[in-house]
Structures are given as structure tokens and as C-alpha cells.
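Next comes input-v9.txt, with compact mmCIF, C-alpha atoms.
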```txt
# COMPACT_ATOMS: atom_id res chain seq x y z
CA MET H 256 155.44 99.44 107.83
CA THR H 257 154.77 97.01 110.63
CA SER H 258 151.93 97.02 113.09
CA ASP H 259 154.41 98.27 115.70
CA HIS H 260 154.27 101.74 114.24
CA ALA H 261 152.55 104.24 116.47
CA ALA H 262 150.98 105.99 113.51
CA ASP H 263 150.23 103.19 111.11
CA MET H 264 148.83 104.81 108.00
CA THR H 265 147.38 101.86 106.13
CA GLY H 266 144.00 101.55 104.45
CA ASP H 267 142.46 99.78 107.44
CA HIS H 268 143.18 102.80 109.59
CA ALA H 269 141.56 105.25 107.18
CA ALA H 270 138.10 104.00 108.22
CA ASP H 271 139.10 104.34 111.89
CA ILE H 272 140.19 107.90 111.30
CA ASP H 273 136.88 108.74 109.59
CA ARG H 274 135.13 107.46 112.70
CA HIS H 275 137.44 109.54 114.89
CA VAL H 276 136.71 112.68 112.88
CA ARG H 277 132.97 112.23 113.44
CA VAL H 278 133.65 111.93 117.18
CA TYR H 279 135.78 115.12 117.12
CA ILE H 280 132.92 117.05 115.55
CA THR H 281 130.44 115.73 118.13
CA VAL H 282 132.84 116.68 120.94
CA PHE H 283 133.26 120.14 119.42
CA VAL H 284 129.49 120.70 119.44
CA ALA H 285 129.29 119.46 123.05
CA LEU H 286 132.09 121.84 124.09
CA MET H 287 130.30 124.78 122.46
CA VAL H 288 127.02 123.94 124.19
CA LEU H 289 128.79 123.58 127.55
CA THR H 290 130.55 126.93 127.05
CA ILE H 291 127.13 128.56 126.58
CA VAL H 292 125.89 126.75 129.71
CA THR H 293 128.91 128.03 131.71
CA VAL H 294 128.24 131.64 130.75
CA ALA H 295 124.43 131.35 131.08
CA VAL H 296 124.69 129.91 134.61
CA SER H 297 126.84 132.86 135.69
CA TYR H 298 123.91 135.19 134.91
CA LEU H 299 121.65 133.29 137.32
CA ASP H 300 123.42 134.85 140.33
CA LEU H 301 123.45 131.58 142.25
CA PRO H 302 124.82 131.53 145.81
CA ILE H 303 128.63 131.33 145.63
CA ALA H 304 128.94 127.69 146.83
CA MET H 305 126.40 126.59 144.22
CA ALA H 306 127.99 128.75 141.49
CA VAL H 307 131.45 127.30 142.18
CA THR H 308 130.10 123.73 142.16
CA VAL H 309 128.24 124.17 138.87
CA ALA H 310 131.10 126.04 137.17
CA LEU H 311 133.70 123.46 138.19
CA LEU H 312 131.40 120.57 137.31
CA VAL H 313 130.83 121.92 133.78
CA ALA H 314 134.54 122.72 133.40
CA THR H 315 135.42 119.18 134.52
CA ILE H 316 133.05 117.70 131.93
CA LYS H 317 134.55 119.93 129.22
CA GLY H 318 138.11 119.12 130.31
CA SER H 319 137.34 115.40 130.34
CA LEU H 320 135.95 115.59 126.81
CA VAL H 321 139.14 117.30 125.60
CA ALA H 322 141.39 114.84 127.46
CA CYS H 323 139.46 111.69 126.49
CA TYR H 324 138.84 112.44 122.81
CA PHE H 325 141.23 115.13 121.52
CA MET H 326 144.11 113.78 123.63
CA HIS H 327 142.98 110.16 123.02
CA LEU H 328 143.05 109.25 126.71
CA ILE H 329 139.99 107.07 126.17
CA SER H 330 142.29 104.47 124.56
CA GLU H 331 145.80 105.02 125.88
CA LYS H 332 148.50 102.72 127.19
CA LYS H 333 148.68 101.67 130.86
CA LEU H 334 151.92 103.54 131.54
CA ILE H 335 150.30 106.88 130.67
CA TYR H 336 147.35 106.13 132.96
CA ALA H 337 149.86 105.29 135.73
CA VAL H 338 151.65 108.62 135.23
CA LEU H 339 148.36 110.49 135.27
CA ILE H 340 147.02 108.74 138.37
CA LEU H 341 150.20 109.71 140.22
CA THR H 342 149.83 113.27 138.92
CA ALA H 343 146.18 113.38 140.01
CA VAL H 344 147.10 112.29 143.56
CA PHE H 345 149.70 115.05 143.90
CA PHE H 346 147.39 117.58 142.24
CA VAL H 347 144.61 116.85 144.74
CA ALA H 348 147.12 117.08 147.60
CA LEU H 349 148.27 120.44 146.26
CA LEU H 350 144.71 121.79 146.06
CA ALA H 351 143.96 120.42 149.53
CA LEU H 352 146.81 122.44 151.05
CA PRO H 353 144.80 125.69 151.30
CA ALA H 354 142.00 123.77 153.03
CA VAL H 355 144.46 122.26 155.50
CA THR H 356 146.03 125.61 156.28
CA HIS H 357 142.57 127.00 157.04
CA SER H 358 141.51 124.14 159.29
CA ASN H 359 142.30 125.88 162.55
CA GLY H 360 145.99 126.31 161.96
CA TYR H 361 147.02 122.66 161.88
CA TRP H 362 149.86 123.49 159.51
CA ILE H 363 150.24 127.16 160.33
CA PRO H 364 149.82 127.54 164.11
CA GLU H 365 147.86 130.66 165.03
CA MET Q 277 173.12 108.07 116.37
CA ASP Q 278 169.40 108.05 115.66
CA ILE Q 279 166.93 108.88 118.40
CA PRO Q 280 165.42 105.53 119.44
CA TYR Q 281 161.70 104.68 119.35
CA THR Q 282 160.43 107.65 117.39
CA VAL Q 283 158.49 105.40 115.03
CA GLU Q 284 158.45 101.93 116.56
CA VAL Q 285 156.89 101.55 119.99
CA ARG Q 286 159.00 100.21 122.83
CA ARG Q 287 157.99 96.69 123.83
CA ASP Q 288 158.04 97.46 127.57
CA THR Q 289 156.11 100.75 127.54
CA GLY Q 290 153.97 100.09 124.47
CA LEU Q 291 154.69 103.71 123.48
CA THR Q 292 157.08 105.79 121.44
CA ASN Q 293 159.57 107.73 123.55
CA GLY Q 294 158.13 111.04 122.36
CA LYS Q 295 154.67 110.12 123.60
CA ILE Q 296 155.76 109.17 127.10
CA GLY Q 297 158.02 112.22 127.15
CA ILE Q 298 155.26 114.68 126.34
CA TRP Q 299 152.93 113.11 128.93
CA LEU Q 300 155.59 113.37 131.63
CA PHE Q 301 156.06 117.00 130.66
CA LEU Q 302 152.30 117.59 130.83
CA ALA Q 303 152.27 115.98 134.29
CA SER Q 304 154.81 118.60 135.41
CA GLU Q 305 152.64 121.28 133.82
CA VAL Q 306 149.63 120.09 135.83
CA MET Q 307 151.69 120.68 138.98
CA LEU Q 308 152.83 124.11 137.78
CA PHE Q 309 149.30 125.34 137.15
CA GLY Q 310 148.08 123.37 140.19
CA ALA Q 311 150.42 125.35 142.44
CA LEU Q 312 149.00 128.60 141.09
CA PHE Q 313 145.40 127.37 141.43
CA ALA Q 314 146.17 126.41 145.04
CA SER Q 315 147.60 129.90 145.60
CA TYR Q 316 144.43 131.38 144.12
CA ILE Q 317 142.23 129.34 146.46
CA LEU Q 318 144.38 130.26 149.47
CA ILE Q 319 144.40 133.98 148.66
CA ARG Q 320 140.69 134.07 147.84
CA THR Q 321 139.47 132.11 150.86
CA GLY Q 322 141.75 134.14 153.11
CA ALA Q 323 140.53 137.50 151.79
CA PRO Q 324 137.86 139.41 153.73
CA SER Q 325 136.15 140.24 150.42
CA TRP Q 326 136.69 139.20 146.82
CA PRO Q 327 135.26 140.75 143.66
CA ARG Q 328 133.26 138.70 141.17
CA GLY Q 329 135.42 138.40 138.05
CA ASP Q 330 132.74 139.84 135.75
CA THR Q 331 132.71 143.12 137.68
CA ILE Q 332 136.31 143.77 136.57
CA LEU Q 333 136.95 141.56 133.53
CA ASN Q 334 135.38 141.44 130.07
CA VAL Q 335 133.25 138.26 129.90
CA PRO Q 336 132.16 138.57 126.21
CA LEU Q 337 135.81 138.83 125.09
CA ALA Q 338 136.81 135.86 127.25
CA THR Q 339 133.84 133.83 125.97
CA PHE Q 340 134.96 134.63 122.43
CA ASN Q 341 138.50 133.50 123.31
CA THR Q 342 137.15 130.27 124.84
CA ILE Q 343 135.41 129.50 121.55
CA VAL Q 344 138.61 130.39 119.63
CA LEU Q 345 140.71 127.98 121.71
CA ILE Q 346 138.17 125.15 121.45
CA LEU Q 347 138.06 125.68 117.67
CA SER Q 348 141.86 125.58 117.57
CA SER Q 349 141.83 122.26 119.42
CA VAL Q 350 139.51 120.87 116.77
CA THR Q 351 141.69 122.13 113.90
CA MET Q 352 144.77 120.71 115.69
CA VAL Q 353 143.29 117.24 115.98
CA MET Q 354 142.09 117.50 112.37
CA ALA Q 355 145.65 118.39 111.30
CA TRP Q 356 146.86 115.14 112.87
CA ALA Q 357 143.95 113.18 111.37
CA SER Q 358 144.86 114.61 107.94
CA LEU Q 359 148.37 113.19 108.27
CA MET Q 360 146.92 109.83 109.31
CA ARG Q 361 144.92 109.98 106.05
CA ARG Q 362 148.13 110.94 104.21
CA ARG Q 363 146.68 114.28 103.10
CA PHE Q 364 149.54 116.68 103.57
CA GLY Q 365 147.81 119.66 101.91
CA THR Q 366 144.86 119.36 104.30
CA PHE Q 367 147.28 119.07 107.21
CA ARG Q 368 148.84 122.39 106.21
CA LEU Q 369 145.41 124.05 106.10
CA TYR Q 370 144.33 122.78 109.51
CA MET Q 371 147.73 123.46 111.11
CA GLY Q 372 147.73 126.96 109.62
CA ALA Q 373 144.24 127.53 111.05
CA THR Q 374 145.43 126.32 114.48
CA ILE Q 375 148.33 128.80 114.46
CA LEU Q 376 146.05 131.59 113.28
CA LEU Q 377 143.47 130.88 116.00
CA GLY Q 378 146.28 130.95 118.60
CA PHE Q 379 147.23 134.34 117.22
CA VAL Q 380 143.63 135.57 117.46
CA PHE Q 381 143.57 134.45 121.11
CA LEU Q 382 146.73 136.46 121.85
CA VAL Q 383 145.44 139.57 120.05
CA VAL Q 384 142.20 139.49 122.07
CA LYS Q 385 144.24 139.04 125.24
CA TYR Q 386 146.42 141.99 124.23
CA PHE Q 387 143.30 144.19 124.00
CA GLU Q 388 142.06 142.92 127.36
CA TYR Q 389 145.40 143.64 129.03
CA SER Q 390 145.84 147.08 127.47
CA HIS Q 391 142.31 148.04 128.51
CA LYS Q 392 143.13 147.08 132.08
CA PHE Q 393 146.41 149.04 132.01
CA HIS Q 394 144.59 152.02 130.51
CA ASP Q 395 142.19 151.93 133.48
CA GLY Q 396 145.14 151.87 135.87
CA LEU Q 397 144.60 148.21 136.80
CA TYR Q 398 147.94 146.44 137.26
CA PRO Q 399 149.11 143.21 138.92
CA SER Q 400 150.17 145.35 141.88
CA THR Q 401 146.68 146.92 142.23
CA ASN Q 402 145.15 144.09 144.29
CA ASN Q 403 145.30 140.34 144.88
CA PHE Q 404 142.57 139.57 142.37
CA LEU Q 405 144.46 141.31 139.56
CA ALA Q 406 147.77 139.83 140.72
CA ILE Q 407 146.47 136.27 140.41
CA TYR Q 408 144.57 137.13 137.20
CA PHE Q 409 147.67 138.49 135.45
CA THR Q 410 149.89 135.67 136.75
CA LEU Q 411 147.59 132.85 135.66
CA THR Q 412 146.56 134.33 132.30
CA GLY Q 413 150.13 135.55 131.63
CA LEU Q 414 151.57 132.08 132.18
CA HIS Q 415 148.80 130.63 130.03
CA MET Q 416 149.56 133.15 127.26
CA LEU Q 417 153.22 132.09 127.32
CA HIS Q 418 152.02 128.52 126.77
CA VAL Q 419 149.86 129.61 123.84
CA ALA Q 420 152.86 131.42 122.31
CA GLY Q 421 155.13 128.39 122.90
CA GLY Q 422 152.61 126.01 121.34
CA MET Q 423 152.25 128.35 118.36
CA ALA Q 424 156.03 128.38 117.85
CA VAL Q 425 156.21 124.57 117.80
CA ASN Q 426 153.17 124.32 115.52
CA ALA Q 427 154.66 126.95 113.19
CA TYR Q 428 157.84 124.88 113.00
CA PHE Q 429 155.86 121.79 111.97
CA TRP Q 430 153.84 123.87 109.51
CA GLY Q 431 157.01 125.27 107.95
CA PRO Q 432 160.59 123.98 108.08
CA GLY Q 433 159.84 120.93 110.26
CA ALA Q 434 157.43 119.60 107.63
CA LYS Q 435 160.39 118.44 105.53
CA LEU Q 436 160.36 115.30 107.69
CA TRP Q 437 157.07 114.28 106.06
CA LYS Q 438 158.94 113.47 102.85
CA THR Q 439 161.56 111.24 104.47
CA ASN Q 440 159.71 109.76 107.47
CA PRO Q 441 155.95 110.43 107.48
CA VAL Q 442 155.23 108.24 110.51
CA TRP Q 443 157.76 110.09 112.66
CA PHE Q 444 156.39 113.42 111.46
CA THR Q 445 152.83 112.33 112.29
CA ASN Q 446 153.92 111.27 115.78
CA ARG Q 447 155.62 114.63 116.34
CA VAL Q 448 152.46 116.47 115.30
CA GLU Q 449 150.43 114.27 117.64
CA ASN Q 450 152.74 115.23 120.52
CA SER Q 451 152.60 118.95 119.79
CA GLY Q 452 148.82 118.48 119.59
CA LEU Q 453 148.79 116.94 123.07
CA PHE Q 454 150.47 120.09 124.39
CA TRP Q 455 148.03 122.32 122.50
CA HIS Q 456 145.00 120.48 123.88
CA PHE Q 457 146.47 120.81 127.37
CA VAL Q 458 146.68 124.58 126.88
CA ASP Q 459 143.00 124.53 125.85
CA LEU Q 460 142.17 122.40 128.89
CA VAL Q 461 143.85 124.87 131.27
CA TRP Q 462 141.83 127.73 129.76
CA ILE Q 463 138.60 125.73 130.24
CA PHE Q 464 139.27 125.95 133.99
CA LEU Q 465 140.75 129.46 134.02
CA PHE Q 466 137.76 131.01 132.25
CA PRO Q 467 135.03 130.26 134.84
CA THR Q 468 137.42 130.54 137.79
CA LEU Q 469 138.68 134.02 136.96
CA TYR Q 470 135.89 135.59 134.91
CA LEU Q 471 132.63 134.16 136.19
CA LEU Q 472 132.93 133.38 139.89
```

So, in terms of C-alpha cells, how does the structure I just supplied come out?
Amino acid sequence: MTSDHAADMTGDHAADIDRHVRVYITVFVALMVLTIVTVAVSYLDLPIAMAVTVALLVATIKGSLVACYFMHLISEKKLIYAVLILTAVFFVALLALPAVTHSNGYWIPE
Amino acid sequence: MDIPYTVEVRRDTGLTNGKIGIWLFLASEVMLFGALFASYILIRTGAPSWPRGDTILNVPLATFNTIVLILSSVTMVMAWASLMRRRFGTFRLYMGATILLGFVFLVVKYFEYSHKFHDGLYPSTNNFLAIYFTLTGLHMLHVAGGMAVNAYFWGPGAKLWKTNPVWFTNRVENSGLFWHFVDLVWIFLFPTLYLL
């Protein structure tokens, strides 16, 4: 096997994998704690704007943990980052559409 | 002809073709779910009143399912790590657990759905239920699809391990990327639909 292999399974990598596994377990614990936080916060009956902000903030942290560590985005190649940045731009534009349509009928004349 | 760059990385992309392929697919999936999230926001903000999810839906069951999916993400990544350590038996255990946890998720969802139907709550009942059934239904299809691919790698597809372990490991990594994405979508669906 050469070092060009995407999944190089040599002895050197075994130690790396052990380190990864420890990270996975830490991330798992963090995700569990954040799940409890998500549910606990919903019992506080916060005003809706505050509730949405907190819920989405916690979900974003959880999602980032999954993406960065389980999906290995923390150490990925440039091309994948480029694809994801483009996706993020279009995703934000998509989510902004409802806001635009509500801003006094700029897109949908009243 | 062999499929190119399944094991070696391409010099220009620095990736195997499978890896870039699955990420492009996931990018399209982000847009698919994004369109439905945008619809949800539009329908909700345009509605004169909107129920809090927990007044209609079962939060304890959904919390349980959230834990199940997070656990399955951990077993999935451990299945891949087992292959990296060349421990095929351990891979089978973790992959089996991942499939089983996916199944548990679907069973819980089945009970949630049938309870709603029993109470006369259908997608046609109101906008909240329409968007709830659409989003969770599409997500369930993804869980089932991911389970099918994982079951293939657990069973017949695992033959590849004997002839080309690096390729097999890369394939499991790619199916794992899809599985984690399914978990990630649920992480957003859960608070959005059940708690707000």
C-alpha cells in the first residue's frame, strides 16, 4: 500500500485511530448532554423568539459536532470545503426566501 | 473496466471519486431538506396561529429516538474505525448495531404515526401536521435507505473486504457519511417540530 491510499491501514495509523475513537466518545457524551439541554430548555416556556434562538443554537452546535468529528470535516480536503461553502450560500438564500416574501411583498406584490 | 480512484486518491482533487461523489450528493440533500425547511418557515410565519409541537406530538418518544440516532452515529463511526484497525469481526458488531438502531428508530416512528392516525390526525388535518408528516416521512425514507446500504455492507457487500480491504473501508466511510447526515437532519427536525 502506498501513502496515496485514502484508507491507509498501517501500524502508524492504528495510534491515530485510537485517538479518533477517544474523540468520538467525547463527542457522543457532548451530544447526549446537549440533547438534555434542548429538551430541558423547552420546559422553561421562554418567549418564542428566545426559544427559537436557543433551540437552533444548540442544534447548530450538535450538528457541527457531528459534521466536524463523525463526518471528519475538521480535516477534509479543500474541494469538499468548496462544495460545502457553495451549498451553504444557496441554503441560506433558500431559507431567506420566506423572509423576503414577507418583507412587504417585494417578491409577491400585495 | 475498473472504476477509477476507488482506492488511490486523484492527484487533482486529493480525494477518491466515491468521497467527492457522496459529498456532492449530500449537498443536493441539503437543498432538498432546505426547501422543506423554507416551506415550514413560510407556512408557520404566515399562519395566524401555530400550535407548539409538544401539544400535539410525543416529546419523550422523540427524545428517545434522538438518543437512538446519535448512538447509531457513534456505532457507525466505530464500524469504520474497526475496519481501519483491521478488525472485521468488530466491524460486523458495530455495523449490526447501527442497522438495529435504525430499525428501533423506525419502529418508534411507526408507533408515533399510528397513534396520530388513531386520533384522526392526518397530513390533511392542518398545516402543522402536513409539514410534520412530510418532513419526518422524508427523513424516515432516508433512514430506511441508509439501513439498506448498511445491511448490504454488513452482508453480501462485505465480500469485498477479502479482496480489497481499502476499497471496502472507503465504501463504509461513504455510507457512514450519509448516515451521519441523516442524524444531522434529525438534530434540526427534533427541536423544530417537537419543541417550538

Worksheet item: Please, which residues of chain H lie no more than 8 Å from chain Q when the count uses all atoms listed in the file, and can they be set out as a ChimeraX atom specification?
Response: /H:259-264,268-269,272,276,279-280,283,286-287,290,293-294,297,303,306-307,310-311,314-315,317-318,321-322,325-326,332,334-335,338-339,342,345-346,349-354

Practice prompt. Give me, please, the distance in Å between atom CA of Gly422 of chain Q and atom CA of Leu382 of chain Q, quoted to one decimal.
Written response: 12.0 Å

Practice prompt. For atom CA of Ala323 of chain Q and atom CA of Pro302 of chain H, determine how far apart the two atoms are, in Å to one decimal place.
Written response: 17.8 Å

Discussion item. What's the separation between atom CA of Val425 of chain Q and atom CA of Phe387 of chain Q, in Å to one decimal place?
Written reply: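 That distance, rounded to one decimal, is 24.3 Å.
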
Fill in: Option closest in space to Arg368 of chain Q, from Q:Ile332, Q:Val448, Q:Leu337, Q:Ile279 [counting all atoms listed in the file]
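Nearest candidate to Arg368 of chain Q out of Q:Ile332, Q:Val448, Q:Leu337, Q:Ile279: Q:Val448.
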
Discussion item. I'd like to know which of H:Ala270, H:Ile291, H:Ala304, H:Val284 is closest to Phe340 of chain Q, using only C-alpha atoms.
Written reply: H:Ile291

Worksheet, complete the sentence: For Met416 of chain Q, the closest of Q:Lys385, Q:Arg447, Q:His394, Q:Lys438 counting all atoms listed in the file is Q:Lys385

Item to complete: Determine the nearest neighbour of Thr412 of chain Q from the options Q:Met277, Q:Leu345, Q:Val384, Q:Leu469, counting all atoms listed in the file.
Response: Q:Leu469
